[in-house]
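Inspection log for the structure reproduced underneath, given as structure tokens.
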Amino acid sequence: MSTKHGLAHRFYTGQISYDFVGHKKFWYAFSAVVLAACFLAVGFKGLALGIDFRGGTDFQVAMPVTETTVDEVRAKVADFEVKDLGAQVFSLGESAVRIQTRSLDPEETVSVRAAIAKLADVKPDDVTYTAIGASWGEQISRQALIALGVFIALVMVLIGFWFRNWKMSLAAVIALAHDLVVTIGIYALSGFTVTPATVIGVLTILGYSLYDTVVVFDRVSENTRNLKESRKTYGEAANLAINQVLIRSLNTTLIGILPVTALLIGGAMLHSGPLADLGLALFIGMIAGAYSSIFIATPLLVQMKEKEPAQVAHRASLARKAERAAAKAERKPSGENTGDDEEDASGSEAVVSSGMRKQRSNLSREQRKRQRR
């Protein structure tokens with residue numbers, strides 16, 4: 001009675017598999033193209049830094065907010081007497097609007113405040129404003145870099161201690177760097193504003209990326225535990241590990257992306273900058289993290305491990321065993337033919353001996369007849 005198994009079971013048992021490790025050069029090349037595009041985007045187009053990083057003036061005014069309010073306010077701000085404001089307009093719920101501009105001197109601040117009051121049909125005193133210096137953004141950037149450095153150091157120590165393998169730590173950190181560059185590059189390409197919410201999102205995706213990588217590495221560690229007694233190389237065992245956790249990684253990523261997609265779409269529809277910025281960072285980072293854990297981290301680990309003398313000796317031992325098995329397979333058919341010839345010869349000898357016995361029996365019968373006569 002045959003039992004039908006699902007796709008996940010067939011991936012787990014190796015009945016269906018994709019050679020991720022064997023095709024690593026293709027995926028390295030693909031990642032290199034993506035990373036190059038991200039570096040070019042950051043270098044030539046740059047990041048759209050928010051007011052919290054570049055400094056500026058933040059205006060807030062109470063007014064009814066509809067679906068078209070943000071676009072209408074943005075168009076009217078462009079016609080203000082003060083030019084080149086670099087204004088960014090966001091809605092604050094359904095009863096207020098925020099307008100962020102470049103740093104303004106006192107005269108420009110008075111002029112812009114009066115113009116905002118006019119379009120909102122309120123008094124200038126009802127328009128609140130805050131001047132933000134670039135030093136605060138520098139502090140945020142500095143703290144974010146410190147947090148990133150501490151995180152990477154702890155990750156390397158933890159993975160190295162848990163798996164007893166520093167090469168896994170290095171591969172995981174390279175995958176994290178890949179995810180960061182891709183996220184920042186897509187921010188530059190899309191023109192989204194980099195805000196403190198973006199920094200929070202970028203630091204958050206590091207955890208998602210690391211989780212996917214550790215899941216794959218844990219399975220690799222289990223598959224390669226008794227590798228000397230196995231007929232697989234390190235690369236083959238690692239590739240099987242990727243296929244075994246592939247469905248799980250895809251399901252986890254898809255389930256995580258669903259609420260993040262809702263956050264991204266909701267923030268864009270509501271013209272809420274922080275929600276959209278956080279949603280975009282999480283969306284890109286989760287996809288990049290799932291990709292790097294499968295196509296970057298594990299192939300890099302295999303590439304480093306297979307250069308070890310023990311792995312080189314193991315592959316050579318497997319090659320010798322394969323050669324001996326092939327030689328035995330070649331000798332086996334000729335041995336079978338020899339046996340068949342021997343059987344034919346013994347069969348012919350048996351026929352001859354039986355004929356001789358028949359002749360002797362016939363002679364004995366004739367002799368007995370003569371004696372009777």
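Letters for chains follow the order of the structure tokens (A, B, ...), residue numbers begin at 1 for each chain, and ligand numbers begin at 1 in the order shown.
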
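Within region 120-361 of chain A, DSSP run on the backbone puts these residues in strand (DSSP E): Thr128, Tyr129, Thr130, Ala131, Ile132, Thr193 and Val194 of chain A.
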
Inset, instruction - Identify all residues of region 99-302 of chain A in alpha helix (DSSP H) (DSSP on the backbone) and supply them as a PyMOL selection string. - result: chain A and resi 106-120+134-163+166-190+196-223+234-269+273-292+298-302

Inset, instruction - Would you mind listing what lies within 7 Å of Val260 (chain A) as a list in words, with only C-alpha atoms counted and same-chain residues fewer than 2 positions away left out? - result: Gly256, Ile257, Leu258, Ala262, Leu263, Leu264, Gly279, Leu282 and Phe283 of chain A

Legend entry - Near-region 227-241 of chain A list (6 Å; only C-alpha atoms; drop same-chain fewer than 6 positions) as JSON, numbers by chain: {"A": [21, 219, 220, 302]}
